[in-house]
Amino acid sequence: MNAVLASQAVENDPLIIAGKTYRSRLLVGTGKYRDLDETRRATEASGAEIITVALRRSNIGQSPNEPNLLDVLPPSRYTILPNTAGCYTVEDAIRTCRLARELLDGHDLVKLEVLGDAKTLFPDIPATLQAAEILVREGFKVMVYTSDDPLIAKRLEELGCVAVMPLAAPIGSGLGIRNPYNIRLIVENARVPILVDAGVGTASDAAIAMELGCDGVLMNTAIAGAKDPVLMAGAMKKAVEAGREAYRAGRIPRKAYASASSPLEGTFF
Amino acid sequence: MEIFVNGRPHTIPAECSVAQLLDELKLSGRLATEINREIVPSGHYVTRQLRSGDRVEIIRAVGGG
């Protein structure tokens with residue numbers, strides 16, 4: 001019964017991105033796993049419906065029969081979100097998105113990231129804005145990785161991005177939500193889904209992102225880099241659900257002093 | 001004749017389509033192909049002939065965040 005109620009709570013609160021409805025608010029990357037089997041098991045345990053992939057050169061002459069990522073995680077089951085990871089220029093990002101659309105038979109949902117610096121992997125914001133504008137014009141549905149600057153987030157929304165994804169901390173850093181006030185400001189001002197993308201280290205970070213009102217969380221390293229990625233994937237699933245429900249339930253105000261939980265009347269001592 | 005496949009020199013017969021190249025490389029499944037930075041739609045693989053010096057990129061999806 002509790003399980004039924006819990007699943008109803010999720011059913012009545014879908015995430016809608018570019019007109020498509022999702023039950024899971026956890027989006028996961030597919031990089032950094034030991035092998036494809038671990039990728040599959042962790043992805044399944046996460047309950048994610050949207051998964052990111054990267055585009056790279058095919059291996060020429062090296063075991064051509066090795067299984068393909070998209071055979072293990074098929075587009076018939078998952079919404080594939082190709083990313084522009086590793087792109088430092090507008091041109092490379094757009095080229096990657098066009099190839100992704102060809103690879104995925106015209107599928108036009110992409111994760112745009114234009115990086116500005118190899119050490120921090122922080123986004124190059126002027127290039128991100130420029131690439132977003134071009135991609136939207138070309139008919140792509142752009143989910144965009146950006147900094148936690150509320151004005152830039154709004155600008156990306158105005159350019160027509162279908163979701164804005166501020167970083168919580170540098171990619172792969174696991175530092176958690178470094179600026180919750182900015183994330184909250186971004187959420188408050190948004191008319192498109194806001195997803196924290198990057199920086200989550202453990203389950204409580206994901207819960208905090210959701211408690212701030214984010215529509216979802218996208219993560220990769222926090223799961224793939226855990227000692228037991230499949231177990232962590234399950235933890236993240238629960239954390240995102242718990243954080244979302246807590247946000248919807250409305251937390252109590254913080255007070256400086258105690259407020260007794262047991263009645264003061266009727267004491268016999 | 002000489003072309004470049006994924007950045008490396010590669011020798012192919014004088015008459016060779018994209019489909020024949022992929023066949024020779026034993027590549028199949030979900031791929032995207034560019035010649036000289038222009039996407040070749042998969043429907044054109046059989047008809048599109050390669051020319052000497054063409055720079056071919058054969059792209060696939062891999063794990064990534």
# chains A, B, ... in the order shown; residues from 1 in each chain; ligands from 1
>>> closest_atom_pairs(of="chain A", to="chain B", cutoff="7 Å", atoms="only C-alpha atoms", output="JSON lines")
{"residue": "A:Gly29", "atom": "CA", "partner": "B:Gly65", "partner_atom": "CA", "distance": 3.9}
{"residue": "A:Thr30", "atom": "CA", "partner": "B:Gly63", "partner_atom": "CA", "distance": 4.4}
{"residue": "A:Gly31", "atom": "CA", "partner": "B:Gly64", "partner_atom": "CA", "distance": 3.8}
{"residue": "A:Thr52", "atom": "CA", "partner": "B:Gly65", "partner_atom": "CA", "distance": 5.5}
{"residue": "A:Val53", "atom": "CA", "partner": "B:Gly64", "partner_atom": "CA", "distance": 4.7}
{"residue": "A:Ala54", "atom": "CA", "partner": "B:Gly64", "partner_atom": "CA", "distance": 4.7}
{"residue": "A:Leu55", "atom": "CA", "partner": "B:Ala61", "partner_atom": "CA", "distance": 4.7}
{"residue": "A:Arg56", "atom": "CA", "partner": "B:Ile59", "partner_atom": "CA", "distance": 5.5}
{"residue": "A:Arg57", "atom": "CA", "partner": "B:Ile59", "partner_atom": "CA", "distance": 4.5}
{"residue": "A:Ser58", "atom": "CA", "partner": "B:Ile59", "partner_atom": "CA", "distance": 5.3}
{"residue": "A:Ile60", "atom": "CA", "partner": "B:Leu25", "partner_atom": "CA", "distance": 6.7}
{"residue": "A:Gly61", "atom": "CA", "partner": "B:Leu25", "partner_atom": "CA", "distance": 6.7}
{"residue": "A:Pro64", "atom": "CA", "partner": "B:Lys26", "partner_atom": "CA", "distance": 6.1}
{"residue": "A:Leu69", "atom": "CA", "partner": "B:Val62", "partner_atom": "CA", "distance": 5.9}
{"residue": "A:Leu99", "atom": "CA", "partner": "B:Ala32", "partner_atom": "CA", "distance": 6.0}
{"residue": "A:Glu102", "atom": "CA", "partner": "B:Ala32", "partner_atom": "CA", "distance": 5.9}
{"residue": "A:Leu103", "atom": "CA", "partner": "B:Ala32", "partner_atom": "CA", "distance": 4.8}
{"residue": "A:Asn220", "atom": "CA", "partner": "B:Gly65", "partner_atom": "CA", "distance": 5.5}
>>> select_by_dssp(residues="stretch 17-56 of chain B", states="strand (DSSP E)", output="MDAnalysis selection string")
chainID B and resid 32:35 38:40 55:56
>>> residues_around(residues="A:Ala169", least_positions_apart="6", cutoff="10 Å", atoms="only C-alpha atoms", output="ChimeraX atom specification")
/A:120,122,147-148,175-179,196-201
>>> residues_around(residues="A:Arg41", least_positions_apart="6", cutoff="12 Å", atoms="only C-alpha atoms", output="PyMOL selection string")
chain A and resi 30+33-35+47-48+72-73+223-224+228-234
>>> closest_residue(among="B:Asn36, B:Glu15, B:Met1, B:Gly43", to="B:Arg55", atoms="only C-alpha atoms")
B:Asn36
>>> select_by_dssp(residues="stretch 79-223 of chain A", states="alpha helix (DSSP H)", output="ChimeraX atom specification")
/A:90-103,125-137,150-158,180-189,203-211,221-223
>>> atom_distance(atom1="atom CA of A:Arg248", atom2="atom CA of A:Met165")
20.4 Å
>>> atom_distance(atom1="atom CA of A:Ala153", atom2="atom CA of A:Ala190")
8.1 Å
>>> atom_distance(atom1="atom CA of A:Val162", atom2="atom CA of A:Pro150")
16.1 Å
>>> residues_around(residues="B:Glu2", least_positions_apart="4", cutoff="10 Å", atoms="only C-alpha atoms", output="number ranges by chain")
B: 9-14, 50-55
>>> residues_around(residues="A:Tyr78", least_positions_apart="2", cutoff="8 Å", atoms="only C-alpha atoms", output="tab-separated table (two decimals) with C-alpha atoms, in the first residue's frame")
chain	number	residue	atom	x	y	z
A	49	GLU	CA	14.39	7.58	-18.28
A	50	ILE	CA	16.69	10.15	-19.84
A	51	ILE	CA	20.33	9.17	-20.25
A	73	LEU	CA	20.61	1.03	-23.46
A	74	PRO	CA	18.30	1.15	-26.47
A	75	PRO	CA	16.53	4.33	-27.61
A	76	SER	CA	13.29	2.33	-27.60
A	80	ILE	CA	18.81	9.43	-25.35
>>> residues_around(residues="stretch 139-143 of chain A", least_positions_apart="3", cutoff="12 Å", atoms="only C-alpha atoms", output="MDAnalysis selection string")
chainID A and resid 17:20 27 50 52 81:84 93:94 97:98 100:101 106:113 128:129 131:136 146 153 156:157 159:166 192:197 218
>>> decode(residues="stretch 32-48 of chain B", atoms="all heavy atoms", output="PDB file, in the first residue's frame")
ATOM      1  N   ALA B  32      26.968   7.695 -37.413  1.00  0.00           N
ATOM      2  CA  ALA B  32      26.761   8.880 -38.240  1.00  0.00           C
ATOM      3  C   ALA B  32      28.072   9.124 -38.978  1.00  0.00           C
ATOM      4  O   ALA B  32      29.149   8.884 -38.427  1.00  0.00           O
ATOM      5  CB  ALA B  32      26.394  10.085 -37.381  1.00  0.00           C
ATOM      6  N   THR B  33      27.955   9.540 -40.222  1.00  0.00           N
ATOM      7  CA  THR B  33      29.154   9.675 -41.055  1.00  0.00           C
ATOM      8  C   THR B  33      29.235  11.072 -41.656  1.00  0.00           C
ATOM      9  O   THR B  33      28.231  11.629 -42.094  1.00  0.00           O
ATOM     10  CB  THR B  33      29.116   8.614 -42.179  1.00  0.00           C
ATOM     11  OG1 THR B  33      28.973   7.336 -41.575  1.00  0.00           O
ATOM     12  CG2 THR B  33      30.395   8.634 -42.998  1.00  0.00           C
ATOM     13  N   GLU B  34      30.441  11.580 -41.646  1.00  0.00           N
ATOM     14  CA  GLU B  34      30.735  12.860 -42.292  1.00  0.00           C
ATOM     15  C   GLU B  34      31.798  12.637 -43.351  1.00  0.00           C
ATOM     16  O   GLU B  34      32.730  11.858 -43.131  1.00  0.00           O
ATOM     17  CB  GLU B  34      31.399  13.814 -41.282  1.00  0.00           C
ATOM     18  CG  GLU B  34      30.513  14.626 -40.416  1.00  0.00           C
ATOM     19  CD  GLU B  34      31.347  15.587 -39.556  1.00  0.00           C
ATOM     20  OE1 GLU B  34      32.580  15.460 -39.492  1.00  0.00           O
ATOM     21  OE2 GLU B  34      30.742  16.458 -38.954  1.00  0.00           O
ATOM     22  N   ILE B  35      31.681  13.335 -44.458  1.00  0.00           N
ATOM     23  CA  ILE B  35      32.804  13.428 -45.398  1.00  0.00           C
ATOM     24  C   ILE B  35      33.157  14.906 -45.507  1.00  0.00           C
ATOM     25  O   ILE B  35      32.284  15.734 -45.815  1.00  0.00           O
ATOM     26  CB  ILE B  35      32.455  12.855 -46.785  1.00  0.00           C
ATOM     27  CG1 ILE B  35      32.092  11.375 -46.666  1.00  0.00           C
ATOM     28  CG2 ILE B  35      33.627  13.038 -47.751  1.00  0.00           C
ATOM     29  CD1 ILE B  35      31.678  10.727 -47.975  1.00  0.00           C
ATOM     30  N   ASN B  36      34.404  15.195 -45.236  1.00  0.00           N
ATOM     31  CA  ASN B  36      34.885  16.583 -45.278  1.00  0.00           C
ATOM     32  C   ASN B  36      33.934  17.516 -44.521  1.00  0.00           C
ATOM     33  O   ASN B  36      33.514  18.556 -45.018  1.00  0.00           O
ATOM     34  CB  ASN B  36      35.077  17.045 -46.733  1.00  0.00           C
ATOM     35  CG  ASN B  36      36.008  16.107 -47.491  1.00  0.00           C
ATOM     36  OD1 ASN B  36      36.936  15.562 -46.917  1.00  0.00           O
ATOM     37  ND2 ASN B  36      35.717  15.882 -48.765  1.00  0.00           N
ATOM     38  N   ARG B  37      33.566  17.053 -43.330  1.00  0.00           N
ATOM     39  CA  ARG B  37      32.747  17.829 -42.390  1.00  0.00           C
ATOM     40  C   ARG B  37      31.291  18.001 -42.808  1.00  0.00           C
ATOM     41  O   ARG B  37      30.551  18.779 -42.217  1.00  0.00           O
ATOM     42  CB  ARG B  37      33.353  19.210 -42.132  1.00  0.00           C
ATOM     43  CG  ARG B  37      34.683  19.103 -41.406  1.00  0.00           C
ATOM     44  CD  ARG B  37      34.934  20.356 -40.641  1.00  0.00           C
ATOM     45  NE  ARG B  37      35.962  20.130 -39.631  1.00  0.00           N
ATOM     46  CZ  ARG B  37      36.022  20.784 -38.479  1.00  0.00           C
ATOM     47  NH1 ARG B  37      35.102  21.674 -38.184  1.00  0.00           N
ATOM     48  NH2 ARG B  37      36.974  20.543 -37.634  1.00  0.00           N
ATOM     49  N   GLU B  38      30.885  17.265 -43.852  1.00  0.00           N
ATOM     50  CA  GLU B  38      29.469  17.313 -44.234  1.00  0.00           C
ATOM     51  C   GLU B  38      28.834  15.973 -43.918  1.00  0.00           C
ATOM     52  O   GLU B  38      29.361  14.928 -44.296  1.00  0.00           O
ATOM     53  CB  GLU B  38      29.344  17.592 -45.731  1.00  0.00           C
ATOM     54  CG  GLU B  38      28.750  18.952 -46.009  1.00  0.00           C
ATOM     55  CD  GLU B  38      28.719  19.244 -47.483  1.00  0.00           C
ATOM     56  OE1 GLU B  38      28.020  18.498 -48.200  1.00  0.00           O
ATOM     57  OE2 GLU B  38      29.400  20.187 -47.908  1.00  0.00           O
ATOM     58  N   ILE B  39      27.678  16.005 -43.260  1.00  0.00           N
ATOM     59  CA  ILE B  39      27.016  14.760 -42.893  1.00  0.00           C
ATOM     60  C   ILE B  39      26.518  14.044 -44.145  1.00  0.00           C
ATOM     61  O   ILE B  39      25.949  14.675 -45.043  1.00  0.00           O
ATOM     62  CB  ILE B  39      25.844  15.043 -41.924  1.00  0.00           C
ATOM     63  CG1 ILE B  39      26.402  15.487 -40.568  1.00  0.00           C
ATOM     64  CG2 ILE B  39      24.954  13.818 -41.772  1.00  0.00           C
ATOM     65  CD1 ILE B  39      25.365  15.914 -39.562  1.00  0.00           C
ATOM     66  N   VAL B  40      26.765  12.746 -44.197  1.00  0.00           N
ATOM     67  CA  VAL B  40      26.194  11.921 -45.259  1.00  0.00           C
ATOM     68  C   VAL B  40      25.008  11.184 -44.650  1.00  0.00           C
ATOM     69  O   VAL B  40      25.186  10.333 -43.773  1.00  0.00           O
ATOM     70  CB  VAL B  40      27.222  10.890 -45.786  1.00  0.00           C
ATOM     71  CG1 VAL B  40      26.621  10.074 -46.919  1.00  0.00           C
ATOM     72  CG2 VAL B  40      28.500  11.583 -46.223  1.00  0.00           C
ATOM     73  N   PRO B  41      23.786  11.493 -45.065  1.00  0.00           N
ATOM     74  CA  PRO B  41      22.632  10.788 -44.495  1.00  0.00           C
ATOM     75  C   PRO B  41      22.740   9.287 -44.792  1.00  0.00           C
ATOM     76  O   PRO B  41      23.238   8.912 -45.862  1.00  0.00           O
ATOM     77  CB  PRO B  41      21.433  11.405 -45.220  1.00  0.00           C
ATOM     78  CG  PRO B  41      21.941  12.684 -45.811  1.00  0.00           C
ATOM     79  CD  PRO B  41      23.395  12.471 -46.084  1.00  0.00           C
ATOM     80  N   SER B  42      22.293   8.463 -43.852  1.00  0.00           N
ATOM     81  CA  SER B  42      22.481   7.018 -44.022  1.00  0.00           C
ATOM     82  C   SER B  42      21.828   6.502 -45.308  1.00  0.00           C
ATOM     83  O   SER B  42      22.293   5.536 -45.899  1.00  0.00           O
ATOM     84  CB  SER B  42      21.952   6.269 -42.798  1.00  0.00           C
ATOM     85  OG  SER B  42      20.615   6.633 -42.554  1.00  0.00           O
ATOM     86  N   GLY B  43      20.781   7.173 -45.758  1.00  0.00           N
ATOM     87  CA  GLY B  43      20.129   6.783 -47.008  1.00  0.00           C
ATOM     88  C   GLY B  43      21.018   6.970 -48.243  1.00  0.00           C
ATOM     89  O   GLY B  43      20.708   6.448 -49.317  1.00  0.00           O
ATOM     90  N   HIS B  44      22.105   7.704 -48.101  1.00  0.00           N
ATOM     91  CA  HIS B  44      22.996   7.968 -49.246  1.00  0.00           C
ATOM     92  C   HIS B  44      24.254   7.105 -49.234  1.00  0.00           C
ATOM     93  O   HIS B  44      25.123   7.292 -50.081  1.00  0.00           O
ATOM     94  CB  HIS B  44      23.417   9.447 -49.263  1.00  0.00           C
ATOM     95  CG  HIS B  44      22.271  10.389 -49.466  1.00  0.00           C
ATOM     96  ND1 HIS B  44      22.437  11.755 -49.606  1.00  0.00           N
ATOM     97  CD2 HIS B  44      20.937  10.168 -49.549  1.00  0.00           C
ATOM     98  CE1 HIS B  44      21.250  12.324 -49.748  1.00  0.00           C
ATOM     99  NE2 HIS B  44      20.325  11.388 -49.701  1.00  0.00           N
ATOM    100  N   TYR B  45      24.363   6.208 -48.237  1.00  0.00           N
ATOM    101  CA  TYR B  45      25.610   5.439 -48.095  1.00  0.00           C
ATOM    102  C   TYR B  45      25.940   4.631 -49.351  1.00  0.00           C
ATOM    103  O   TYR B  45      27.100   4.492 -49.717  1.00  0.00           O
ATOM    104  CB  TYR B  45      25.530   4.477 -46.891  1.00  0.00           C
ATOM    105  CG  TYR B  45      25.660   5.146 -45.536  1.00  0.00           C
ATOM    106  CD1 TYR B  45      25.534   4.399 -44.367  1.00  0.00           C
ATOM    107  CD2 TYR B  45      25.922   6.509 -45.423  1.00  0.00           C
ATOM    108  CE1 TYR B  45      25.657   4.997 -43.114  1.00  0.00           C
ATOM    109  CE2 TYR B  45      26.026   7.113 -44.174  1.00  0.00           C
ATOM    110  CZ  TYR B  45      25.897   6.351 -43.029  1.00  0.00           C
ATOM    111  OH  TYR B  45      26.004   6.943 -41.799  1.00  0.00           O
ATOM    112  N   VAL B  46      24.913   4.066 -49.984  1.00  0.00           N
ATOM    113  CA  VAL B  46      25.150   3.187 -51.135  1.00  0.00           C
ATOM    114  C   VAL B  46      25.575   4.000 -52.365  1.00  0.00           C
ATOM    115  O   VAL B  46      26.442   3.586 -53.125  1.00  0.00           O
ATOM    116  CB  VAL B  46      23.886   2.344 -51.437  1.00  0.00           C
ATOM    117  CG1 VAL B  46      24.050   1.545 -52.722  1.00  0.00           C
ATOM    118  CG2 VAL B  46      23.599   1.401 -50.259  1.00  0.00           C
ATOM    119  N   THR B  47      24.985   5.173 -52.511  1.00  0.00           N
ATOM    120  CA  THR B  47      25.239   5.944 -53.732  1.00  0.00           C
ATOM    121  C   THR B  47      26.434   6.878 -53.599  1.00  0.00           C
ATOM    122  O   THR B  47      27.060   7.219 -54.601  1.00  0.00           O
ATOM    123  CB  THR B  47      23.997   6.782 -54.114  1.00  0.00           C
ATOM    124  OG1 THR B  47      23.602   7.520 -52.958  1.00  0.00           O
ATOM    125  CG2 THR B  47      22.863   5.892 -54.568  1.00  0.00           C
ATOM    126  N   ARG B  48      26.758   7.272 -52.395  1.00  0.00           N
ATOM    127  CA  ARG B  48      27.828   8.264 -52.236  1.00  0.00           C
ATOM    128  C   ARG B  48      29.208   7.625 -52.423  1.00  0.00           C
ATOM    129  O   ARG B  48      29.631   6.791 -51.623  1.00  0.00           O
ATOM    130  CB  ARG B  48      27.735   8.927 -50.854  1.00  0.00           C
ATOM    131  CG  ARG B  48      28.811   9.944 -50.554  1.00  0.00           C
ATOM    132  CD  ARG B  48      28.733  11.158 -51.479  1.00  0.00           C
ATOM    133  NE  ARG B  48      29.881  12.025 -51.309  1.00  0.00           N
ATOM    134  CZ  ARG B  48      29.913  13.088 -50.493  1.00  0.00           C
ATOM    135  NH1 ARG B  48      28.842  13.411 -49.790  1.00  0.00           N
ATOM    136  NH2 ARG B  48      30.997  13.829 -50.396  1.00  0.00           N
TER     137      ARG B  48
END
